[in-house]
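*Asks:* So that we are looking at the same thing, I have put the structure below in structure tokens.
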Amino acid sequence: MGSMTARAWDRLRGSADAVRLLTEAGVVRPYSPTVLADVVLTLRRWGSHPAGGFRTAALRMPDKLAIIDERGSLTYAQLHRRTNALANALADRGVGPGDGVAVLCRNHRGFIESSIAVSKLGADVLYLNTAFAGPQLADVLERERPRVVIHDEEFTDLLAGAEVEQRVLAWTDEEPGDGGADEARPDTLEALIRAGSEDDLDAPERGGRTIILTSGTTGTPKGAPRPQGGVPAAVALLSRMPLRSGWRCYVAAPLFHTWGFAHYQLAMLLGTTLVLTRRFDPAEALEVLDRHHCQSFAAIPVMLQRIMALPEEVLDAHPLPDLSVVASSGSALPGDLPIRWMDRFGENLYSVYGSTEIAWASIATPADLRSAPGTAGRVPHATEVRILDGHGRPVPVGESGRIFVGNGLQIEGYTGGGAKEVVDGLMSSGDVGRFDDDGRLYVEGRDDEMIVSGGENVFPKEVEDCLAGHPAVHEVAAVGVADDDFGQRLKAFVVLEAGEAGAATEDELREHVRAQLARYKVPRDIVFVDALPRNATGKVLKRELVDLS
């Protein structure tokens, strides 16, 4: 078989797999000729951007609930009309193709409506992290220079130092329409939606970009333009995660983060009902999942940790029989959390490994997590992962190297310039890892976190996982520090389980590591802390721990 024929066969087989997965998910199904014609015309005009995707959802399932939040619910038809009105109102304010609109919102309808409206204008949407400090926000806004910032009222003071051309309030303290607030506060989303025309807009000549900020855990947040994944991105997830059309998904992961954003994008294809709350509370999360009979739950690992730390009587009151998929991403699942979760709630936990720059690289299913604890899972559909050495050459199975990913979803570069390293079209994830003989990926740590101790390479994650296995340890993070004997050693910061203060000493935890790992991997110092510093997406801010060292 010639090379061109082989590639054509691979494409054909990939297309057949995609159709099968979309059919199993309930996306491919019979529609009336009129609806089907309107869907095809919409996609031809608008492409797979949110403007087109959510318009097709309104055509296919107009009465299906699109959003449930603290203000009530909206159908897909209502969402389409409201985002038309908002887009027309923003156009009246001078927003057009190529302009930037920044969104600083928690998880609620305003985030979704702003995103779709901006897409309908062909403008660029910039998602701001709700946990950033004022100076960080000011720096990002100075670099990106959006024309409008749409933000929740609670962030008004935080944005005081930023130069912004126009501001629009998304979530306000008053209920819409209460107490004459509309007349007193014309610059709110609700006021703009009421003032704007619900007429359909013409498709812009260019599609707008979606810019997600990196977490900034190791420096200044960078703007990462996210490619419009559309169907290929959804198929990759569906190949390892059995999400279904029409499900209710509680998206607790921040929508401005790659993982929360992924479920917003999936909704326009699957017709998902997005269940949203502005803040995460573990006990409330169980009630939300129960009350709305959610079949899926998009979360980050620290949220699952906080749920599992609830009293037994609270957990017993919420068995969550409807929950079929718990989709976790943002960081690795620590210690024995996957086993404890599945022992409690069933075989429904899926862990996704990826980053803002590369989207997702691998997905661990419940079976993976049961049989190979600590794995990042297997590579999904239409994705390639290679483990390369320092010279860009593949390493044998079982050996460690740098992780490179190709999937059509990786960014081309940062908005401020620069990019991750690319080899043969595959982008560096910034991590080091290995494959086992069964094709499962293991992530051993950040390539910039590795230390050399006594001439040996040591990654904090291996030591963190070891310490997390101690029954008295709730969570742990380790950083490299100077050592007179070994050159470098690790320093571990440990949070003990509630009520376990004094249950474990530094010497006991060091012995726990020494019994399982090499001597040079034993932390030089162990510091007990009340909590680890984290950003809004649950990642540990190790730079703050380094400052403590």
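We label chains A, B, ... in the order they appear in the structure tokens, count residues from 1 in each chain, and number ligands from 1 in the order shown.
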Which polymer residues have any atom within 8 Å of an atom of segment 322-332 of chain A, counting only C-alpha atoms, with same-chain residues fewer than 4 positions away left out, as a list in words?

*Replies:*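 Residues meeting the cut-off are Met241, Pro242, Leu243, Trp259, Leu289, Asp290, His293, Cys294, Gln295, Ser296, Phe297, Ala298, Ala299, Ile300, Pro301, Asn348, Leu349, Tyr350, Ser351, Val352, Tyr353, Gly354, Ser355, Ala376, Thr537, Gly538 and Lys539 of chain A.
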
*Asks:* Mind dumping the selected residues with N, CA and C atoms as an mmCIF file, in the first residue's frame?

*Replies:*
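The result, written out as out-v5.cif:
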```
data_model
loop_
_atom_site.group_PDB
_atom_site.id
_atom_site.type_symbol
_atom_site.label_atom_id
_atom_site.label_comp_id
_atom_site.auth_asym_id
_atom_site.auth_seq_id
_atom_site.Cartn_x
_atom_site.Cartn_y
_atom_site.Cartn_z
ATOM 1 N N MET A 241 -14.385 8.751 26.882
ATOM 2 C CA MET A 241 -15.275 9.205 27.952
ATOM 3 C C MET A 241 -16.715 9.160 27.429
ATOM 4 N N PRO A 242 -17.586 8.351 27.993
ATOM 5 C CA PRO A 242 -18.913 8.110 27.417
ATOM 6 C C PRO A 242 -19.947 9.192 27.733
ATOM 7 N N LEU A 243 -19.682 10.420 27.337
ATOM 8 C CA LEU A 243 -20.662 11.495 27.486
ATOM 9 C C LEU A 243 -21.765 11.307 26.454
ATOM 10 N N TRP A 259 -10.460 23.327 31.041
ATOM 11 C CA TRP A 259 -11.355 22.192 31.261
ATOM 12 C C TRP A 259 -12.811 22.638 31.343
ATOM 13 N N LEU A 289 -25.788 18.216 42.314
ATOM 14 C CA LEU A 289 -25.769 17.001 41.500
ATOM 15 C C LEU A 289 -27.028 16.169 41.726
ATOM 16 N N ASP A 290 -27.472 16.090 42.969
ATOM 17 C CA ASP A 290 -28.672 15.323 43.301
ATOM 18 C C ASP A 290 -29.938 16.014 42.786
ATOM 19 N N HIS A 293 -30.285 15.968 39.056
ATOM 20 C CA HIS A 293 -30.098 14.648 38.447
ATOM 21 C C HIS A 293 -29.016 14.687 37.362
ATOM 22 N N CYS A 294 -27.884 15.289 37.702
ATOM 23 C CA CYS A 294 -26.798 15.452 36.731
ATOM 24 C C CYS A 294 -26.167 14.092 36.412
ATOM 25 N N GLN A 295 -25.976 13.867 35.123
ATOM 26 C CA GLN A 295 -25.322 12.633 34.690
ATOM 27 C C GLN A 295 -23.807 12.799 34.578
ATOM 28 N N SER A 296 -23.327 14.054 34.481
ATOM 29 C CA SER A 296 -21.884 14.276 34.407
ATOM 30 C C SER A 296 -21.506 15.455 35.291
ATOM 31 N N PHE A 297 -20.237 15.479 35.638
ATOM 32 C CA PHE A 297 -19.710 16.437 36.616
ATOM 33 C C PHE A 297 -18.304 16.806 36.168
ATOM 34 N N ALA A 298 -18.089 18.058 35.766
ATOM 35 C CA ALA A 298 -16.773 18.532 35.334
ATOM 36 C C ALA A 298 -16.107 19.254 36.493
ATOM 37 N N ALA A 299 -15.004 18.702 36.965
ATOM 38 C CA ALA A 299 -14.387 19.200 38.188
ATOM 39 C C ALA A 299 -12.873 19.198 38.061
ATOM 40 N N ILE A 300 -12.208 19.725 39.085
ATOM 41 C CA ILE A 300 -10.765 19.639 39.215
ATOM 42 C C ILE A 300 -10.476 18.823 40.472
ATOM 43 N N PRO A 301 -9.314 18.185 40.553
ATOM 44 C CA PRO A 301 -9.076 17.228 41.647
ATOM 45 C C PRO A 301 -9.304 17.771 43.044
ATOM 46 N N ASN A 348 -17.090 5.736 37.872
ATOM 47 C CA ASN A 348 -17.482 6.850 37.006
ATOM 48 C C ASN A 348 -16.403 7.926 36.858
ATOM 49 N N LEU A 349 -15.189 7.670 37.355
ATOM 50 C CA LEU A 349 -14.161 8.707 37.391
ATOM 51 C C LEU A 349 -13.235 8.610 36.178
ATOM 52 N N TYR A 350 -13.077 9.747 35.482
ATOM 53 C CA TYR A 350 -12.193 9.859 34.320
ATOM 54 C C TYR A 350 -11.231 11.024 34.573
ATOM 55 N N SER A 351 -9.947 10.783 34.323
ATOM 56 C CA SER A 351 -8.937 11.810 34.558
ATOM 57 C C SER A 351 -8.288 12.195 33.239
ATOM 58 N N VAL A 352 -8.297 13.482 32.935
ATOM 59 C CA VAL A 352 -7.776 13.977 31.655
ATOM 60 C C VAL A 352 -6.462 14.710 31.899
ATOM 61 N N TYR A 353 -5.432 14.313 31.163
ATOM 62 C CA TYR A 353 -4.133 14.990 31.253
ATOM 63 C C TYR A 353 -3.962 15.901 30.047
ATOM 64 N N GLY A 354 -3.610 17.153 30.313
ATOM 65 C CA GLY A 354 -3.363 18.102 29.234
ATOM 66 C C GLY A 354 -2.926 19.434 29.817
ATOM 67 N N SER A 355 -3.040 20.472 29.002
ATOM 68 C CA SER A 355 -2.654 21.809 29.446
ATOM 69 C C SER A 355 -3.340 22.832 28.560
ATOM 70 N N ALA A 376 -1.809 8.479 33.740
ATOM 71 C CA ALA A 376 -2.549 9.555 33.068
ATOM 72 C C ALA A 376 -3.437 8.997 31.973
ATOM 73 N N THR A 537 -7.877 27.318 39.621
ATOM 74 C CA THR A 537 -8.077 26.031 38.968
ATOM 75 C C THR A 537 -7.508 24.882 39.783
ATOM 76 N N GLY A 538 -7.115 25.161 41.022
ATOM 77 C CA GLY A 538 -6.701 24.103 41.925
ATOM 78 C C GLY A 538 -5.235 23.738 41.866
ATOM 79 N N LYS A 539 -4.460 24.379 41.003
ATOM 80 C CA LYS A 539 -3.043 24.056 40.912
ATOM 81 C C LYS A 539 -2.288 24.688 42.078
#
```

*Asks:* Please run DSSP on the backbone and report, as a VMD selection string, all residues within segment 304-391 of chain A that come out as alpha helix (DSSP H).

*Replies:* chain A and resid 304 to 308 312 to 316 337 to 345 366 to 371

*Asks:* Find the residues near Arg393 of chain A: any atom within 12 Å, counting only C-alpha atoms, skip ones fewer than 3 places away on the same chain, and give them as a list in words.

*Replies:*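 These residues fall inside the cut-off: Arg386, Ile387, Leu388, Asp389, Gly390, Pro396, Ser400, Gly401, Arg402, Ile403, Phe404, Val423 and Asp424 of chain A.
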
*Asks:* Could you dump the residues just selected with N, CA and C atoms as a short mmCIF file (atom, residue, chain, number, x, y, z; two decimals), in the first residue's frame?

*Replies:*
```
data_model
loop_
_atom_site.label_atom_id
_atom_site.label_comp_id
_atom_site.auth_asym_id
_atom_site.auth_seq_id
_atom_site.Cartn_x
_atom_site.Cartn_y
_atom_site.Cartn_z
N ARG A 386 4.38 11.44 21.89
CA ARG A 386 5.70 10.82 21.82
C ARG A 386 6.51 11.22 23.05
N ILE A 387 7.35 10.30 23.49
CA ILE A 387 8.29 10.57 24.57
C ILE A 387 9.67 10.72 23.93
N LEU A 388 10.27 11.90 24.04
CA LEU A 388 11.52 12.22 23.34
C LEU A 388 12.64 12.53 24.33
N ASP A 389 13.85 12.24 23.92
CA ASP A 389 15.00 12.59 24.75
C ASP A 389 15.41 14.04 24.50
N GLY A 390 16.52 14.44 25.10
CA GLY A 390 16.96 15.83 24.99
C GLY A 390 17.34 16.25 23.59
N PRO A 396 12.83 4.40 24.24
CA PRO A 396 12.12 3.10 24.31
C PRO A 396 10.97 3.12 25.32
N SER A 400 11.96 7.21 30.54
CA SER A 400 11.41 8.55 30.72
C SER A 400 11.98 9.53 29.70
N GLY A 401 11.18 10.51 29.36
CA GLY A 401 11.60 11.57 28.46
C GLY A 401 10.59 12.68 28.47
N ARG A 402 10.79 13.65 27.62
CA ARG A 402 9.88 14.79 27.53
C ARG A 402 8.66 14.42 26.70
N ILE A 403 7.49 14.90 27.14
CA ILE A 403 6.22 14.55 26.50
C ILE A 403 5.89 15.58 25.43
N PHE A 404 5.66 15.10 24.20
CA PHE A 404 5.25 15.95 23.09
C PHE A 404 3.92 15.44 22.54
N VAL A 423 8.41 19.78 17.93
CA VAL A 423 9.24 18.82 17.21
C VAL A 423 8.34 18.00 16.29
N ASP A 424 8.59 18.06 14.98
CA ASP A 424 7.80 17.31 13.99
C ASP A 424 6.31 17.56 14.15
#
```

*Asks:* Based on DSSP run over this structure's backbone, return all residues of segment 236-448 of chain A in strand (DSSP E), as a PyMOL selection string.

*Replies:* chain A and resi 248-251+273-275+296-299+325-329+349-355+359-364+384-388+401-406+422-423+426-435+441-446

*Asks:* Can you measure atom CA of Arg278 of chain A to atom CA of Arg344 of chain A for me? One decimal in Å is fine.

*Replies:* 26.3 Å

*Asks:* Can you work out which one of A:Met61, A:Leu426, A:Ser453, A:Val476 has the shortest atom-to-atom distance to Gly392 of chain A, counting only C-alpha atoms?

*Replies:* A:Leu426

*Asks:* Given only C-alpha atoms as the basis, pick out the residue of A:Val395, A:Ala195, A:Ala162, A:Ala482 nearest to Ala89 of chain A.

*Replies:*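 Result for the nearest residue to Ala89 of chain A: A:Ala195.
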
*Asks:* So that I can check the surroundings of Val397 of chain A, please list as a PyMOL selection string every protein, DNA and RNA residue that reaches within 8 Å of it, counting only C-alpha atoms and ignoring chain neighbours fewer than 2 positions away.

*Replies:* chain A and resi 395+399+434-437

*Asks:* Restrict the selected residues to N, CA and C atoms and save them as a short mmCIF file (atom, residue, chain, number, x, y, z; two decimals), in the first residue's frame.

*Replies:*
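Final output, part.cif:
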```
data_model
loop_
_atom_site.label_atom_id
_atom_site.label_comp_id
_atom_site.auth_asym_id
_atom_site.auth_seq_id
_atom_site.Cartn_x
_atom_site.Cartn_y
_atom_site.Cartn_z
N VAL A 395 12.32 7.69 22.84
CA VAL A 395 12.97 6.80 23.80
C VAL A 395 12.20 5.48 23.83
N GLU A 399 11.06 3.96 29.30
CA GLU A 399 12.05 4.97 29.66
C GLU A 399 11.41 6.35 29.70
N ARG A 434 6.52 8.70 30.76
CA ARG A 434 6.88 7.45 30.09
C ARG A 434 5.61 6.67 29.76
N PHE A 435 5.73 5.76 28.83
CA PHE A 435 4.66 4.81 28.51
C PHE A 435 5.02 3.45 29.11
N ASP A 436 3.98 2.72 29.56
CA ASP A 436 4.23 1.34 29.99
C ASP A 436 3.92 0.40 28.82
N ASP A 437 4.09 -0.89 29.05
CA ASP A 437 3.91 -1.87 27.98
C ASP A 437 2.47 -1.95 27.49
#
```

*Asks:* Please indicate the distance in Å from atom CA of Leu65 of chain A to atom CA of Leu274 of chain A, rounded to one decimal place.

*Replies:* 8.3 Å

*Asks:* Near segment 98-100 of chain A, counting only C-alpha atoms, which residues have an atom at most 6 Å away, once you skip same-chain residues fewer than 5 positions from it, shown as a ChimeraX atom specification?

*Replies:* /A:123-125,146-147

*Asks:* Which value, in Å to one decimal, gives the distance between atom CA of Pro471 of chain A and atom CA of Leu333 of chain A?

*Replies:* 16.2 Å

*Asks:* If we count only C-alpha atoms, what is near Tyr76 of chain A at a cut-off of 8 Å, once residues fewer than 3 positions away on the same chain are taken out, given as a ChimeraX atom specification?

*Replies:* /A:54,57-58,61-66,79-80
